[in-house]
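First up is the structure itself, then whatever we jot down about it.
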Amino acid sequence: MITRKSPREIGYMREAGRIVAGAFAELAPLIAPGITTRELDAVAEKYIRQQGAKPAFKGLYGFPASICTSINDQVVHGIPGLRKLKKGDIISIDIGAEINGYFGDGAVTFPVGKPEDEVLELIRVTREALEAGIAQARAGKRLTDISHAVQTYVERHGFSVVRDYVGHGIGAKMHEDPQIPNFGPPGRGPRLEPGMTLALEPMVNMGGYEVMTLVDQWTVVTKDGKPSAHFEHTILITEDGPEILTWL
Amino acid sequence: MKAERIRPGQVVVSRAGRDAGQCYVVISLRGDSRAAVADGTRRRVQNPKYKNFKHLRLLAEPDPELERKITSGERITDADIRRVLWVLVEKEGCQ
């Protein structure tokens, strides 16, 4: 069931979204060659806790850390560890925060140093695909209008969208109904209504869309080993259009 | 998040039809739009009901034991299905 949030609930979600955005602002200046993903995890966790919130991924389905750090060909769910960032890497960071029982969820892909132009293009297209999806998240539209907008934008630039992972409703739980695929025909699925809160998260691969999970049971990588980027925002659908909650 | 798809061994609830609200276990998939479902009492493994994916809601992760049996081609019994569903009756209000 897709829930519509009350003004009080939306207030809590704004707060959670602001903390997620704040955590990215803390991490952004630290991303440079030499830092380990575990250090990034520690900084994010400390910030989230200082704000009176909880890192939402810690323990979610058994995930061992506070944030997901996925480097280069890793698509999502990379576990922070001792791996150091290198010049030319890209790192996708996914952060969730919970406050007063409500959640915010966001992701950003950062370049480390200066990757190749094509990789920077992948990051740009992924971010713009998310924006194209958000533009469709208006009351009266249907759910897969978002999916279709993301897919067409990505494929027009010669990249592919991951099929096995999807966006989701969010609110009193991290993952609520509906599932929001990043591909498919427009005009299907439930009609969007004011008060719905969604986490849109296109994952875009430079090569094919196939992915697989590594033996750690978490890290998802592209099958062809080519890089992948990931952007995510938690949004609220209002009468006047979408409002991004994971924003400072 | 990981896309959830209907898989054998998964518990589902009917959300349309005269059996709406009834819980079932998926025992096999037929084509890419319908699932054979059974509840071990009214609908048995020998005579499953075929339901459109659209008319089912996913309830629980596949039971690992049952999923293993189905994918390895071992015979599953109505008792297996009742064992899986019984646990959910109180928790999820299955009928």
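Starting from 1 in every chain, residues are counted up; chains themselves are A, B, ... following the order of the structure tokens, and ligands are numbered from 1 as listed.
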TODO: Hey, list the chain A side of the contact with chain B: 9 Å cut-off, only C-alpha atoms, answer as a list in words.
DONE: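 In the required form, that comes to Val76, Arg163, Asp164, Tyr165, Val166, Gly167, His168, His175, Gln179, Ile180, Pro181 and Glu201 of chain A.
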Task: Exercise: segment 78-82 of chain B partners within 7 Å, only C-alpha atoms, chain neighbours under 3 positions left out, as a VMD selection string - done: chain B and resid 25 39 to 40 44 to 45 85 to 86
With N, CA and C atoms retained, could you export that selection as a PDB file, in the first residue's frame?
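Heads up, here's the output in result_1.pdb:
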ATOM      1  N   VAL B  25       1.453 -20.159  -1.128  1.00  0.00           N
ATOM      2  CA  VAL B  25       2.874 -20.272  -1.446  1.00  0.00           C
ATOM      3  C   VAL B  25       2.968 -20.479  -2.959  1.00  0.00           C
ATOM      4  N   ASP B  39      -2.234 -23.539  -1.026  1.00  0.00           N
ATOM      5  CA  ASP B  39      -2.218 -23.240   0.406  1.00  0.00           C
ATOM      6  C   ASP B  39      -2.163 -24.518   1.259  1.00  0.00           C
ATOM      7  N   GLY B  40      -2.142 -25.661   0.598  1.00  0.00           N
ATOM      8  CA  GLY B  40      -1.981 -26.917   1.328  1.00  0.00           C
ATOM      9  C   GLY B  40      -3.265 -27.481   1.911  1.00  0.00           C
ATOM     10  N   ARG B  44      -4.409 -27.609  -3.149  1.00  0.00           N
ATOM     11  CA  ARG B  44      -3.290 -28.494  -2.852  1.00  0.00           C
ATOM     12  C   ARG B  44      -2.264 -28.484  -3.984  1.00  0.00           C
ATOM     13  N   VAL B  45      -1.116 -29.073  -3.696  1.00  0.00           N
ATOM     14  CA  VAL B  45      -0.032 -29.090  -4.668  1.00  0.00           C
ATOM     15  C   VAL B  45      -0.470 -29.780  -5.970  1.00  0.00           C
ATOM     16  N   LEU B  85       3.001 -21.558   5.908  1.00  0.00           N
ATOM     17  CA  LEU B  85       1.898 -20.601   6.059  1.00  0.00           C
ATOM     18  C   LEU B  85       1.450 -20.456   7.515  1.00  0.00           C
ATOM     19  N   TRP B  86       1.514 -21.567   8.231  1.00  0.00           N
ATOM     20  CA  TRP B  86       1.011 -21.581   9.599  1.00  0.00           C
ATOM     21  C   TRP B  86       1.663 -20.497  10.448  1.00  0.00           C
TER      22      TRP B  86
END
Open item on the list: List as a ChimeraX atom specification the protein and nucleic acid residues near Pro115 of chain A, meaning an atom at most 7 Å away when only C-alpha atoms are counted, but skip any in the same chain fewer than 5 places from it.
Closed with: /A:88-89,120
Save the residues we just selected, N, CA and C atoms, as a PDB file, in the first residue's frame?
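Saved as result-v4.pdb:
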ATOM      1  N   GLY A  88      41.263   9.105 -10.313  1.00  0.00           N
ATOM      2  CA  GLY A  88      40.573   8.542 -11.466  1.00  0.00           C
ATOM      3  C   GLY A  88      39.451   7.580 -11.110  1.00  0.00           C
ATOM      4  N   ASP A  89      39.315   7.242  -9.807  1.00  0.00           N
ATOM      5  CA  ASP A  89      38.176   6.410  -9.373  1.00  0.00           C
ATOM      6  C   ASP A  89      36.898   7.242  -9.398  1.00  0.00           C
ATOM      7  N   LEU A 120      33.182  10.916 -16.492  1.00  0.00           N
ATOM      8  CA  LEU A 120      32.523  12.133 -16.007  1.00  0.00           C
ATOM      9  C   LEU A 120      31.169  12.309 -16.688  1.00  0.00           C
TER      10      LEU A 120
END
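If you measure from each of A:Glu26, A:Asp117, A:Glu239, A:Asp94 to Ala137 of chain A using only C-alpha atoms, the closest one turns out to be A:Glu239.
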TODO: Could you find all residues in segment 89-149 of chain A that DSSP calls helix (DSSP H, G or I) from the backbone, and write them as a PyMOL selection string?
DONE: chain A and resi 117-136+143-149
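Our summary of the geometry notes that atom CA of Gly31 of chain B is positioned 12.2 Å from atom CA of Ile6 of chain B.
Counting only C-alpha atoms, Ser92 of chain A has the following residues at most 7 Å away, ignoring those fewer than 2 positions along the same chain: Thr69, Ser70, Ile71, Ile90, Asp94, Ala107, Val108, Thr109, Phe110, Ala229 and His230 of chain A.
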Include N, CA and C atoms and write out the residues we just selected as a short mmCIF file (atom, residue, chain, number, x, y, z; two decimals), in the first residue's frame.
data_model
loop_
_atom_site.label_atom_id
_atom_site.label_comp_id
_atom_site.auth_asym_id
_atom_site.auth_seq_id
_atom_site.Cartn_x
_atom_site.Cartn_y
_atom_site.Cartn_z
N THR A 69 29.50 2.34 0.14
CA THR A 69 30.51 2.99 -0.70
C THR A 69 30.85 2.06 -1.86
N SER A 70 30.50 2.46 -3.06
CA SER A 70 30.67 1.58 -4.22
C SER A 70 31.60 2.26 -5.22
N ILE A 71 32.73 1.60 -5.47
CA ILE A 71 33.78 2.23 -6.28
C ILE A 71 33.78 1.66 -7.70
N ILE A 90 35.76 6.54 -9.38
CA ILE A 90 34.53 7.22 -8.99
C ILE A 90 33.94 6.43 -7.83
N ASP A 94 25.91 6.05 -0.70
CA ASP A 94 24.48 5.98 -0.42
C ASP A 94 24.30 6.15 1.08
N ALA A 107 21.76 9.39 -2.54
CA ALA A 107 23.04 8.87 -3.03
C ALA A 107 23.65 9.86 -4.01
N VAL A 108 24.97 9.90 -4.02
CA VAL A 108 25.72 10.76 -4.94
C VAL A 108 26.93 9.99 -5.43
N THR A 109 27.30 10.17 -6.69
CA THR A 109 28.56 9.61 -7.19
C THR A 109 29.56 10.75 -7.34
N PHE A 110 30.69 10.57 -6.69
CA PHE A 110 31.75 11.59 -6.73
C PHE A 110 32.91 11.12 -7.59
N ALA A 229 27.30 4.48 -12.12
CA ALA A 229 27.04 5.65 -11.26
C ALA A 229 25.64 5.56 -10.67
N HIS A 230 25.42 6.30 -9.59
CA HIS A 230 24.17 6.17 -8.82
C HIS A 230 23.86 7.51 -8.16
#
- [ ] Considering only C-alpha atoms, return as a ChimeraX atom specification whatever protein or nucleic-acid residues lie within 12 Å of Leu88 of chain B, sequence-local ones (same chain, fewer than 6 positions apart) excluded.
- [x] /B:11-13,22-25,59-61,63,81-82,94-95
Open item on the list: Taking 4 positions as the minimum chain separation for residues in the same chain, which residues sit within 6 Å of segment 183-192 of chain A when counting only C-alpha atoms? Answer as a list of chain:residue names.
Closed with: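 In the requested form, the answer reads A:Ala139, A:Gly140, A:Lys141, A:Arg142, A:Leu143, A:Thr144, A:Asp145, A:Ser147, A:His148, A:Gln151.
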Task: Exercise: Gly62 of chain A partners within 12 Å, only C-alpha atoms, chain neighbours under 3 positions left out, as an MDAnalysis selection string - done: chainID A and resid 56:59 65:66 77 79 216:218
